[in-house]
file final-v5.cif (mmCIF, C-alpha atoms)
data_final
#
loop_
_atom_site.label_atom_id
_atom_site.label_comp_id
_atom_site.auth_asym_id
_atom_site.auth_seq_id
_atom_site.Cartn_x
_atom_site.Cartn_y
_atom_site.Cartn_z
CA MET A 1 87.82 113.55 101.50
CA LYS A 2 90.47 110.91 101.97
CA LEU A 3 91.58 109.32 98.72
CA ASN A 4 92.66 105.71 98.54
CA VAL A 5 94.90 104.85 95.61
CA VAL A 6 95.48 101.19 94.85
CA VAL A 7 98.26 100.25 92.47
CA ALA A 8 96.48 97.08 91.41
CA GLU A 9 97.85 93.76 90.13
CA ALA A 10 101.28 95.34 90.49
CA ALA A 11 104.19 93.59 88.77
CA LEU A 12 106.00 93.19 92.09
CA GLU A 13 106.88 89.81 93.60
CA LEU A 14 109.78 87.68 94.79
CA VAL A 15 111.19 85.19 92.29
CA PRO A 16 108.65 82.35 92.32
CA THR A 17 109.85 78.91 93.52
CA GLU A 18 109.68 77.35 90.06
CA LEU A 19 112.20 79.89 88.67
CA GLN A 20 114.69 79.85 91.54
CA ARG A 21 116.84 77.12 89.99
CA THR A 22 117.00 78.56 86.48
CA THR A 23 120.36 79.67 85.16
CA VAL A 24 119.55 83.38 84.82
CA VAL A 25 118.17 83.59 88.35
CA ARG A 26 121.11 81.66 89.83
CA ASN A 27 123.60 83.87 88.01
CA ASP A 28 121.82 87.00 89.21
CA SER A 29 121.76 85.59 92.73
CA LEU A 30 125.51 84.90 92.65
CA ARG A 31 126.28 88.35 91.26
CA ARG A 32 124.19 90.05 93.92
CA GLY A 33 125.01 87.74 96.81
CA VAL A 34 121.30 87.38 97.62
CA ASN A 35 119.35 84.12 97.92
CA PRO A 36 117.00 83.63 94.92
CA SER A 37 114.03 83.28 97.28
CA ARG A 38 114.64 86.80 98.58
CA MET A 39 115.14 88.53 95.21
CA LEU A 40 112.58 90.58 93.31
CA LEU A 41 111.50 89.09 90.01
CA ASP A 42 112.80 91.50 87.36
CA ARG A 43 112.20 91.23 83.63
CA SER A 44 115.46 93.14 82.98
CA PHE A 45 117.42 90.18 84.32
CA HIS A 46 115.10 87.18 84.35
CA HIS A 47 113.45 87.55 80.95
CA VAL A 48 114.45 84.15 79.60
CA ALA A 49 113.27 82.31 82.71
CA MET A 50 110.01 84.28 82.82
CA LEU A 51 108.81 83.06 79.43
CA LYS A 52 107.47 79.92 81.13
CA LEU A 53 105.44 81.87 83.70
CA LYS A 54 101.67 82.29 83.58
CA ASP A 55 100.75 85.93 82.79
CA ASP A 56 104.46 86.64 82.33
CA PHE A 57 103.74 89.84 80.36
CA LYS A 58 102.11 91.39 83.44
CA ARG A 59 104.84 90.43 85.92
CA GLY A 60 108.36 91.25 87.09
CA ARG A 61 108.43 95.02 86.60
CA PRO A 62 109.41 96.52 89.97
CA ASP A 63 110.65 99.59 88.06
CA ILE A 64 107.07 100.42 87.07
CA VAL A 65 105.86 100.04 90.63
CA HIS A 66 108.72 102.21 91.90
CA ALA A 67 108.04 105.02 89.41
CA THR A 68 104.33 104.96 90.22
CA LEU A 69 104.86 105.03 93.97
CA LEU A 70 107.31 107.94 93.61
CA SER A 71 104.79 109.84 91.49
CA LEU A 72 102.14 109.34 94.17
CA THR A 73 104.20 109.95 97.30
CA SER A 74 106.05 113.06 96.05
CA THR A 75 102.85 115.08 95.65
CA PRO A 76 101.64 117.80 98.04
CA LEU A 77 98.32 115.91 98.35
CA TYR A 78 100.08 112.83 99.72
CA LEU A 79 102.48 114.85 101.85
CA ASP A 80 99.50 116.72 103.36
CA GLY A 81 97.85 113.43 104.34
CA PHE A 82 95.00 113.31 101.81
CA VAL A 83 96.05 110.04 100.19
CA THR A 84 96.56 106.48 101.40
CA VAL A 85 98.58 104.37 99.01
CA TYR A 86 98.21 100.61 98.65
CA VAL A 87 100.04 98.19 96.41
CA HIS A 88 98.08 95.08 95.50
CA THR A 89 100.35 92.62 93.72
CA HIS A 90 99.76 90.07 91.00
CA GLY A 91 100.09 87.39 93.68
CA ASP A 92 97.44 88.96 95.97
CA ILE A 93 99.74 90.52 98.50
CA VAL A 94 98.77 93.96 99.77
CA LEU A 95 101.29 96.52 100.97
CA GLU A 96 100.01 99.58 102.78
CA ILE A 97 102.33 102.56 102.82
CA LYS A 98 101.98 104.25 106.18
CA GLU A 99 100.95 107.91 106.02
CA GLY A 100 103.83 110.27 105.48
CA THR A 101 106.32 107.54 104.52
CA ARG A 102 108.97 108.77 102.08
CA LEU A 103 109.99 105.93 99.81
CA PRO A 104 113.58 105.68 98.56
CA LYS A 105 114.10 107.58 95.30
CA SER A 106 117.09 105.37 94.58
CA TYR A 107 115.87 102.23 92.85
CA LEU A 108 118.50 100.06 94.49
CA ARG A 109 117.36 101.17 97.93
CA PHE A 110 113.74 100.65 96.92
CA ARG A 111 114.57 97.15 95.72
CA GLY A 112 116.30 96.38 99.01
CA LEU A 113 113.29 97.66 100.95
CA MET A 114 110.78 95.66 98.90
CA GLU A 115 112.85 92.49 99.17
CA LYS A 116 112.95 92.93 102.94
CA VAL A 117 109.21 93.65 103.18
CA LEU A 118 108.17 90.74 100.97
CA SER A 119 110.62 88.28 102.58
CA GLU A 120 109.99 89.27 106.17
CA GLY A 121 106.36 90.32 106.02
CA GLY A 122 106.68 94.05 106.63
CA GLY A 123 109.11 96.94 106.76
CA GLU A 124 110.04 98.76 109.94
CA GLY A 125 106.51 99.91 110.64
CA LEU A 126 106.40 102.08 107.50
CA ILE A 127 104.94 99.41 105.25
CA THR A 128 102.54 96.71 106.37
CA MET A 129 102.04 93.53 104.39
CA ARG A 130 99.23 91.00 104.26
CA LYS A 131 97.78 88.37 101.93
CA ALA A 132 94.61 89.84 100.41
CA THR A 133 92.74 89.92 97.14
CA ILE A 134 91.40 93.19 95.74
CA ARG A 135 87.99 92.20 97.11
CA GLU A 136 89.39 91.65 100.60
CA LEU A 137 91.34 94.90 100.47
CA LEU A 138 88.22 96.84 99.50
CA LYS A 139 86.32 95.23 102.36
CA ASP A 140 88.88 96.82 104.69
CA ILE A 141 88.94 100.22 102.98
CA GLN A 142 85.12 100.39 102.70
CA PRO A 143 85.22 102.97 99.92
CA ASP A 144 82.06 104.85 98.90
CA TRP A 145 83.16 104.69 95.25
CA VAL A 146 85.62 102.47 93.36
CA CYS A 147 86.94 103.73 90.06
CA GLY A 148 89.34 101.79 87.87
CA LEU A 149 91.47 103.60 85.28
CA SER A 150 91.78 101.66 82.05
CA THR A 151 91.86 102.17 78.31
CA GLN A 152 88.86 99.81 78.29
CA GLY A 153 86.79 102.30 80.31
CA VAL A 154 84.40 105.10 79.38
CA SER A 155 86.17 108.29 78.28
CA MET A 156 86.12 111.03 80.90
CA SER A 157 88.31 114.08 81.40
CA LEU A 158 90.52 114.16 84.48
CA GLU A 159 88.66 117.31 85.54
CA GLU A 160 85.33 115.52 85.53
CA LEU A 161 86.80 112.49 87.27
CA SER A 162 88.36 114.70 89.94
CA GLY A 163 85.02 116.38 90.56
CA LYS A 164 83.53 112.97 91.27
CA VAL A 165 86.43 112.05 93.55
CA ILE A 166 86.23 115.11 95.76
CA ALA A 167 82.44 114.80 96.07
CA ARG A 168 82.99 111.54 98.00
CA LYS A 169 84.23 110.95 101.52
CA ASN A 170 86.29 107.79 100.99
CA PRO A 171 86.80 107.15 97.27
CA CYS A 172 89.18 104.57 95.85
CA ILE A 173 91.01 104.81 92.54
CA MET A 174 92.74 101.79 91.03
CA ILE A 175 95.70 102.19 88.69
CA GLY A 176 97.13 99.11 86.97
CA GLY A 177 100.71 98.49 88.12
CA PHE A 178 101.71 96.37 85.14
CA PRO A 179 103.27 97.05 81.72
CA HIS A 180 100.78 95.44 79.31
CA GLY A 181 97.29 94.02 79.26
CA HIS A 182 94.25 94.93 81.32
CA PHE A 183 92.75 94.42 84.76
CA SER A 184 91.71 90.81 85.47
CA SER A 185 88.03 89.93 85.56
CA GLU A 186 88.33 89.55 89.35
CA THR A 187 89.48 93.17 89.65
CA LEU A 188 86.86 94.43 87.21
CA LYS A 189 84.11 92.88 89.34
CA GLN A 190 85.07 95.20 92.22
CA VAL A 191 84.89 98.41 90.20
CA ASP A 192 81.89 100.77 90.25
CA GLU A 193 83.11 102.72 87.25
CA LEU A 194 85.82 102.00 84.68
CA VAL A 195 87.23 105.22 83.23
CA ARG A 196 89.58 106.08 80.41
CA ILE A 197 91.35 109.42 80.93
CA HIS A 198 93.33 109.81 77.70
CA SER A 199 93.10 108.97 74.03
CA ARG A 200 96.36 107.03 74.33
CA PRO A 201 97.44 104.45 76.87
CA LEU A 202 99.47 106.18 79.56
CA GLU A 203 102.08 104.68 81.83
CA ALA A 204 101.00 104.16 85.44
CA HIS A 205 103.39 106.82 86.80
CA VAL A 206 102.03 109.39 84.35
CA VAL A 207 98.45 108.56 85.35
CA ALA A 208 99.38 108.84 89.03
CA ALA A 209 101.05 112.25 88.63
CA ARG A 210 98.18 113.72 86.59
CA LEU A 211 95.42 112.33 88.76
CA LEU A 212 96.83 113.74 91.99
CA TYR A 213 97.65 117.08 90.38
CA VAL A 214 94.13 117.62 89.07
CA ILE A 215 92.52 116.52 92.35
CA GLU A 216 94.82 118.94 94.20
CA LYS A 217 93.67 121.76 91.92
CA ARG A 218 90.01 120.89 92.44
CA ILE A 219 90.42 120.85 96.21
CA GLU A 220 92.09 124.27 96.05
CA GLU A 221 89.31 125.67 93.87
CA LYS A 222 86.67 124.29 96.22
CA ARG A 223 88.43 125.88 99.19
CA THR A 224 88.57 129.25 97.39
CA ASN A 225 84.87 129.06 96.50
CA ASP A 226 83.71 127.94 99.97
CA MET B 1 105.48 125.72 69.28
CA LYS B 2 108.42 123.48 70.05
CA LEU B 3 109.27 123.32 73.73
CA ASN B 4 112.83 122.88 74.91
CA VAL B 5 113.19 121.47 78.41
CA VAL B 6 116.60 121.65 80.03
CA VAL B 7 117.21 119.60 83.17
CA ALA B 8 119.83 122.05 84.41
CA GLU B 9 122.88 121.51 86.65
CA ALA B 10 121.79 117.88 86.80
CA ALA B 11 123.37 115.71 89.51
CA LEU B 12 124.73 113.32 86.87
CA GLU B 13 128.43 112.67 86.37
CA LEU B 14 131.08 109.97 86.40
CA VAL B 15 133.03 109.51 89.62
CA PRO B 16 135.53 112.41 89.60
CA THR B 17 139.24 111.53 89.48
CA GLU B 18 139.91 112.68 93.05
CA LEU B 19 137.40 110.14 94.43
CA GLN B 20 138.38 107.16 92.31
CA ARG B 21 140.85 105.81 94.86
CA THR B 22 138.63 106.19 97.93
CA THR B 23 137.58 103.03 99.78
CA VAL B 24 133.84 103.31 99.12
CA VAL B 25 134.35 103.86 95.39
CA ARG B 26 136.86 101.01 95.10
CA ASN B 27 134.54 98.65 96.97
CA ASP B 28 131.64 99.63 94.73
CA SER B 29 133.85 99.17 91.68
CA LEU B 30 134.89 95.67 92.82
CA ARG B 31 131.29 94.68 93.58
CA ARG B 32 130.08 95.87 90.20
CA GLY B 33 133.10 94.84 88.15
CA VAL B 34 133.24 98.30 86.56
CA ASN B 35 136.25 100.63 86.50
CA PRO B 36 135.78 103.61 88.87
CA SER B 37 136.38 106.03 85.99
CA ARG B 38 133.34 104.60 84.17
CA MET B 39 130.92 104.57 87.10
CA LEU B 40 128.22 107.14 87.87
CA LEU B 41 128.75 109.09 91.06
CA ASP B 42 125.92 108.04 93.36
CA ARG B 43 125.22 109.42 96.80
CA SER B 44 123.56 106.13 97.80
CA PHE B 45 126.94 104.41 97.65
CA HIS B 46 129.59 107.12 97.69
CA HIS B 47 128.27 109.38 100.42
CA VAL B 48 131.32 109.22 102.66
CA ALA B 49 133.72 109.99 99.82
CA MET B 50 131.52 112.81 98.51
CA LEU B 51 131.72 114.88 101.67
CA LYS B 52 135.04 116.29 100.42
CA LEU B 53 133.57 117.40 97.07
CA LYS B 54 132.76 120.99 96.18
CA ASP B 55 128.96 121.48 95.96
CA ASP B 56 128.54 117.88 97.14
CA PHE B 57 124.89 118.48 98.15
CA LYS B 58 123.98 119.18 94.51
CA ARG B 59 125.78 116.17 93.02
CA GLY B 60 125.63 112.39 92.60
CA ARG B 61 121.88 111.84 92.29
CA PRO B 62 121.36 109.95 89.02
CA ASP B 63 118.05 108.67 90.47
CA ILE B 64 116.64 112.21 90.37
CA VAL B 65 117.76 112.69 86.77
CA HIS B 66 116.26 109.32 85.81
CA ALA B 67 112.87 110.05 87.42
CA THR B 68 112.75 113.48 85.78
CA LEU B 69 113.63 112.16 82.32
CA LEU B 70 110.99 109.42 82.65
CA SER B 71 108.39 112.02 83.64
CA LEU B 72 109.26 114.08 80.57
CA THR B 73 109.63 111.33 77.98
CA SER B 74 106.51 109.34 78.95
CA THR B 75 104.15 112.21 78.13
CA PRO B 76 101.97 112.43 75.01
CA LEU B 77 103.52 115.86 74.32
CA TYR B 78 107.00 114.35 74.08
CA LEU B 79 105.82 111.27 72.21
CA ASP B 80 104.07 113.54 69.70
CA GLY B 81 107.32 115.44 69.03
CA PHE B 82 106.52 118.76 70.77
CA VAL B 83 109.40 118.58 73.25
CA THR B 84 113.17 118.41 72.98
CA VAL B 85 114.84 117.28 76.18
CA TYR B 86 118.35 118.30 77.22
CA VAL B 87 120.33 117.38 80.29
CA HIS B 88 122.91 119.94 81.35
CA THR B 89 125.08 118.51 84.10
CA HIS B 90 126.83 120.05 87.07
CA GLY B 91 130.09 119.57 85.16
CA ASP B 92 128.86 121.42 82.03
CA ILE B 93 128.20 118.42 79.85
CA VAL B 94 125.09 118.56 77.68
CA LEU B 95 123.17 115.47 76.62
CA GLU B 96 120.52 115.86 73.95
CA ILE B 97 117.89 113.13 73.85
CA LYS B 98 117.04 112.51 70.21
CA GLU B 99 113.37 112.97 69.37
CA GLY B 100 111.25 109.93 70.08
CA THR B 101 113.91 108.16 72.15
CA ARG B 102 112.41 105.93 74.84
CA LEU B 103 114.71 105.86 77.83
CA PRO B 104 115.02 102.69 79.94
CA LYS B 105 112.47 102.59 82.76
CA SER B 106 114.72 100.18 84.62
CA TYR B 107 117.21 102.22 86.64
CA LEU B 108 119.97 99.67 86.17
CA ARG B 109 119.61 99.87 82.40
CA PHE B 110 119.50 103.66 82.60
CA ARG B 111 122.68 103.66 84.68
CA GLY B 112 124.39 101.43 82.13
CA LEU B 113 123.31 103.73 79.30
CA MET B 114 124.46 106.89 81.06
CA GLU B 115 127.82 105.32 81.98
CA LYS B 116 128.31 104.38 78.34
CA VAL B 117 127.28 107.81 77.05
CA LEU B 118 129.46 109.73 79.50
CA SER B 119 132.47 107.41 79.09
CA GLU B 120 132.31 107.12 75.33
CA GLY B 121 130.87 110.49 74.38
CA GLY B 122 127.45 109.48 73.08
CA GLY B 123 124.96 106.64 72.94
CA GLU B 124 124.07 104.79 69.78
CA GLY B 125 122.79 107.89 68.02
CA LEU B 126 119.92 108.30 70.49
CA ILE B 127 121.79 110.59 72.83
CA THR B 128 124.43 113.08 71.77
CA MET B 129 126.96 114.48 74.19
CA ARG B 130 129.08 117.62 74.19
CA LYS B 131 130.91 119.93 76.59
CA ALA B 132 128.80 123.07 76.96
CA THR B 133 127.73 125.57 79.58
CA ILE B 134 124.09 126.63 79.89
CA ARG B 135 125.03 129.81 77.99
CA GLU B 136 126.54 127.81 75.13
CA LEU B 137 123.58 125.43 75.04
CA LEU B 138 121.14 128.34 74.81
CA LYS B 139 123.20 129.84 71.98
CA ASP B 140 122.48 126.62 70.05
CA ILE B 141 118.80 126.39 70.96
CA GLN B 142 118.18 130.12 70.28
CA PRO B 143 115.03 130.20 72.40
CA ASP B 144 112.64 133.19 72.21
CA TRP B 145 112.03 132.90 75.97
CA VAL B 146 113.97 131.27 78.80
CA CYS B 147 112.10 130.49 81.99
CA GLY B 148 113.69 128.94 85.04
CA LEU B 149 111.54 127.16 87.63
CA SER B 150 112.68 127.83 91.17
CA THR B 151 111.29 128.46 94.64
CA GLN B 152 113.26 131.75 94.43
CA GLY B 153 111.12 132.91 91.49
CA VAL B 154 107.95 134.99 91.20
CA SER B 155 104.77 133.01 92.00
CA MET B 156 102.78 132.09 88.92
CA SER B 157 100.17 129.38 88.33
CA LEU B 158 101.07 126.59 85.93
CA GLU B 159 98.09 127.66 83.81
CA GLU B 160 99.47 131.17 83.41
CA LEU B 161 102.97 129.85 82.76
CA SER B 162 101.65 127.45 80.13
CA GLY B 163 99.83 130.27 78.38
CA LYS B 164 103.15 132.09 78.07
CA VAL B 165 104.87 128.94 76.82
CA ILE B 166 102.42 128.20 74.02
CA ALA B 167 102.41 131.85 72.88
CA ARG B 168 106.08 131.41 71.87
CA LYS B 169 107.64 129.57 68.96
CA ASN B 170 110.74 128.19 70.62
CA PRO B 171 110.52 128.57 74.40
CA CYS B 172 112.92 126.98 76.87
CA ILE B 173 112.09 125.87 80.39
CA MET B 174 114.81 124.99 82.87
CA ILE B 175 114.17 122.57 85.72
CA GLY B 176 116.87 122.04 88.32
CA GLY B 177 118.12 118.43 88.25
CA PHE B 178 119.54 118.43 91.76
CA PRO B 179 118.23 117.54 95.24
CA HIS B 180 118.94 120.69 97.25
CA GLY B 181 119.93 124.30 96.76
CA HIS B 182 119.25 126.66 93.89
CA PHE B 183 120.41 127.46 90.36
CA SER B 184 123.94 128.87 90.20
CA SER B 185 124.44 132.55 89.42
CA GLU B 186 125.75 131.49 85.98
CA THR B 187 122.45 129.77 85.22
CA LEU B 188 120.37 132.62 86.63
CA LYS B 189 122.12 135.07 84.26
CA GLN B 190 120.66 133.18 81.29
CA VAL B 191 117.07 133.26 82.49
CA ASP B 192 114.48 135.78 81.22
CA GLU B 193 112.01 134.94 83.94
CA LEU B 194 112.36 132.99 87.18
CA VAL B 195 109.06 131.43 88.21
CA ARG B 196 107.79 129.61 91.27
CA ILE B 197 104.88 127.28 90.50
CA HIS B 198 103.93 126.01 93.96
CA SER B 199 103.83 127.11 97.56
CA ARG B 200 106.10 124.21 98.48
CA PRO B 201 109.31 123.04 96.86
CA LEU B 202 108.50 120.23 94.43
CA GLU B 203 110.77 117.47 93.23
CA ALA B 204 112.02 117.82 89.66
CA HIS B 205 110.03 114.82 88.37
CA VAL B 206 106.81 116.24 89.84
CA VAL B 207 107.49 119.61 88.21
CA ALA B 208 108.20 117.91 84.88
CA ALA B 209 104.99 115.85 84.94
CA ARG B 210 102.79 118.80 85.87
CA LEU B 211 104.37 121.22 83.45
CA LEU B 212 103.92 118.98 80.43
CA TYR B 213 100.40 118.00 81.45
CA VAL B 214 99.20 121.60 81.72
CA ILE B 215 100.89 122.62 78.47
CA GLU B 216 99.24 119.64 76.75
CA LYS B 217 95.84 120.78 78.06
CA ARG B 218 96.46 124.36 76.85
CA ILE B 219 97.45 123.17 73.39
CA GLU B 220 94.27 121.07 73.22
CA GLU B 221 92.11 124.00 74.32
CA LYS B 222 93.74 126.25 71.76
CA ARG B 223 93.10 123.68 69.01
CA THR B 224 89.45 123.39 70.05
CA ASN B 225 89.03 127.18 70.04
CA ASP B 226 90.83 127.77 66.71
#
call {"tool": "encode", "arguments": {"input": "final-v5.cif", "output": "structure tokens"}}
result
Amino acid sequence: MKLNVVVAEAALELVPTELQRTTVVRNDSLRRGVNPSRMLLDRSFHHVAMLKLKDDFKRGRPDIVHATLLSLTSTPLYLDGFVTVYVHTHGDIVLEIKEGTRLPKSYLRFRGLMEKVLSEGGGEGLITMRKATIRELLKDIQPDWVCGLSTQGVSMSLEELSGKVIARKNPCIMIGGFPHGHFSSETLKQVDELVRIHSRPLEAHVVAARLLYVIEKRIEEKRTND
Amino acid sequence: MKLNVVVAEAALELVPTELQRTTVVRNDSLRRGVNPSRMLLDRSFHHVAMLKLKDDFKRGRPDIVHATLLSLTSTPLYLDGFVTVYVHTHGDIVLEIKEGTRLPKSYLRFRGLMEKVLSEGGGEGLITMRKATIRELLKDIQPDWVCGLSTQGVSMSLEELSGKVIARKNPCIMIGGFPHGHFSSETLKQVDELVRIHSRPLEAHVVAARLLYVIEKRIEEKRTND
């Protein structure tokens, strides 16, 4: 089993053109000494300017993406090569984290890396970037099962879900990489099963940590029983 | 059961006096517009200056402390009031996170909060600060069991560990909040049991996420059985 995890509709993007001349963005740009076109959109700093954006409540949260990627890539399952991690962004850009890549734990280093990748189209061979919708990404991955995690899904325990995952050869799990709201209808169309794993909404990094832990346990149990 | 989690010997501190006049710290201070005495020590920026510090390999990693606190405080167990979170720093300062406090997910906001708390001795009622060793902190908590998690400990599954935790009224678990090395001998003296939960060393935020997940599951099972 090789698990594909897609952090979907992730709130990660460069400052869009229409916000680059706003006061908050220009001030942030001056403070940082970075051109607005090469800066990550960040709600913490660009809140006022973001209010005009479409879907603003789902965008500009690189901190959420960072925490989720750290949760995924710090696990034994990832480190042992069982997991491929993709980030699909709100703007239909796909980043693929090359197997074994250790992402910066320092947010400021992560921000620098993401700004480089998104501005220059890739990052030193460790991260590849391309324009792709969820549908196009899944065409490449060719998963034998696509499961989206969402509070709108059917309730299922993580144990049961993990059993389904390890029964497949090339499953794909999608975790929303945004702070509020739900998957878009475009994303939902690509999902075979939509699953809710907890009675409350959980943050993406919590979902990521739990999912990979329980799958790891199931793989261990299977090995012991075989 | 009320669980106390101590992030122990955490790599969180203000820039120590002896480094405040070094070139890298002064440059960072100028760039940020913050006095060196009010800045967090951060390996990402102050590496060269830190090489002279005692125990430098265990210090200056606020990113690790942030990730670990987010892992702890984003869990249903914490949000439901079952967990009190303490940070004990390398320099014997104790921060207590007041029940229900949501910490900033944005690292830059977290850094600002921690710099305020450590410089001014507390943070808007949500975080209290005092000088205290691990021994003094435990005198306050009065736990009925103190368990340290360490690769030097006795191997035990998280399930077994969680069973022990929920059998107590006021247990305390210590997770090391540093990147390398082990608990100090002072810390080890305060521990009733030293436990290793995985065949590989795990990062503190991974340990935190797994620990609270498995305890949550055990509490649910117990409720169902009662």
call {"tool": "resolve_selection", "arguments": {"input": "final-v5.cif", "expression": "the PyMOL selection byres ((chain A) within 12 of (chain B))", "output": "JSON, numbers by chain"}}
result
{"A": [30, 31, 32, 33, 42, 43, 44, 45, 60, 61, 62, 63, 64, 65, 66, 67, 68, 69, 70, 71, 72, 73, 74, 75, 76, 77, 79, 80, 104, 105, 106, 107, 108, 109, 110, 111, 157, 158, 159, 179, 198, 199, 200, 201, 202, 203, 204, 205, 206, 207, 208, 209, 210, 211, 212, 213, 214, 216, 217]}
call {"tool": "resolve_selection", "arguments": {"input": "final-v5.cif", "expression": "the PyMOL selection byres ((chain A and resi 86) around 8)", "output": "PyMOL selection string"}}
result
chain A and resi 4-7+84-85+87-88+94-97
call {"tool": "write_last_selection", "arguments": {"input": "final-v5.cif", "atoms": "C-alpha atoms", "output": "mmCIF file, in the frame of the given file"}}
result
data_model
loop_
_atom_site.group_PDB
_atom_site.id
_atom_site.type_symbol
_atom_site.label_atom_id
_atom_site.label_comp_id
_atom_site.auth_asym_id
_atom_site.auth_seq_id
_atom_site.Cartn_x
_atom_site.Cartn_y
_atom_site.Cartn_z
ATOM 1 C CA ASN A 4 92.660 105.710 98.540
ATOM 2 C CA VAL A 5 94.900 104.850 95.610
ATOM 3 C CA VAL A 6 95.480 101.190 94.850
ATOM 4 C CA VAL A 7 98.260 100.250 92.470
ATOM 5 C CA THR A 84 96.560 106.480 101.400
ATOM 6 C CA VAL A 85 98.580 104.370 99.010
ATOM 7 C CA VAL A 87 100.040 98.190 96.410
ATOM 8 C CA HIS A 88 98.080 95.080 95.500
ATOM 9 C CA VAL A 94 98.770 93.960 99.770
ATOM 10 C CA LEU A 95 101.290 96.520 100.970
ATOM 11 C CA GLU A 96 100.010 99.580 102.780
ATOM 12 C CA ILE A 97 102.330 102.560 102.820
#
call {"tool": "axis_aligned_box", "arguments": {"input": "final-v5.cif", "around": "range 91-97 of chain B", "padding_each_side": "3 Å", "output": "AutoDock Vina command-line options"}}
result
--center_x 124.0 --center_y 117.3 --center_z 79.5 --size_x 18.2 --size_y 14.3 --size_z 17.3
call {"tool": "residues_around", "arguments": {"input": "final-v5.cif", "residues": "Leu138 in chain B", "least_positions_apart": "2", "cutoff": "12 Å", "atoms": "all atoms listed in the file", "output": "PyMOL selection string"}}
result
chain B and resi 4-6+8+86+88+94+132-136+140-147+170-174+187+189-192
call {"tool": "atom_distance", "arguments": {"input": "final-v5.cif", "atom1": "CA of Asn225 in chain A", "atom2": "CA of Val165 in chain A"}}
result
17.3 Å
call {"tool": "residues_around", "arguments": {"input": "final-v5.cif", "residues": "Ala49 in chain B", "least_positions_apart": "2", "cutoff": "10 Å", "atoms": "all atoms listed in the file", "output": "number ranges by chain"}}
result
B: 18-25, 43, 45-47, 51-53, 56
call {"tool": "atom_distance", "arguments": {"input": "final-v5.cif", "atom1": "CA of Arg223 in chain B", "atom2": "CA of Met156 in chain A"}}
result
18.7 Å
call {"tool": "resolve_selection", "arguments": {"input": "final-v5.cif", "expression": "the PyMOL selection byres ((chain B and resi 128) around 9)", "output": "number ranges by chain"}}
result
B: 94-98, 117, 121-127, 129-130
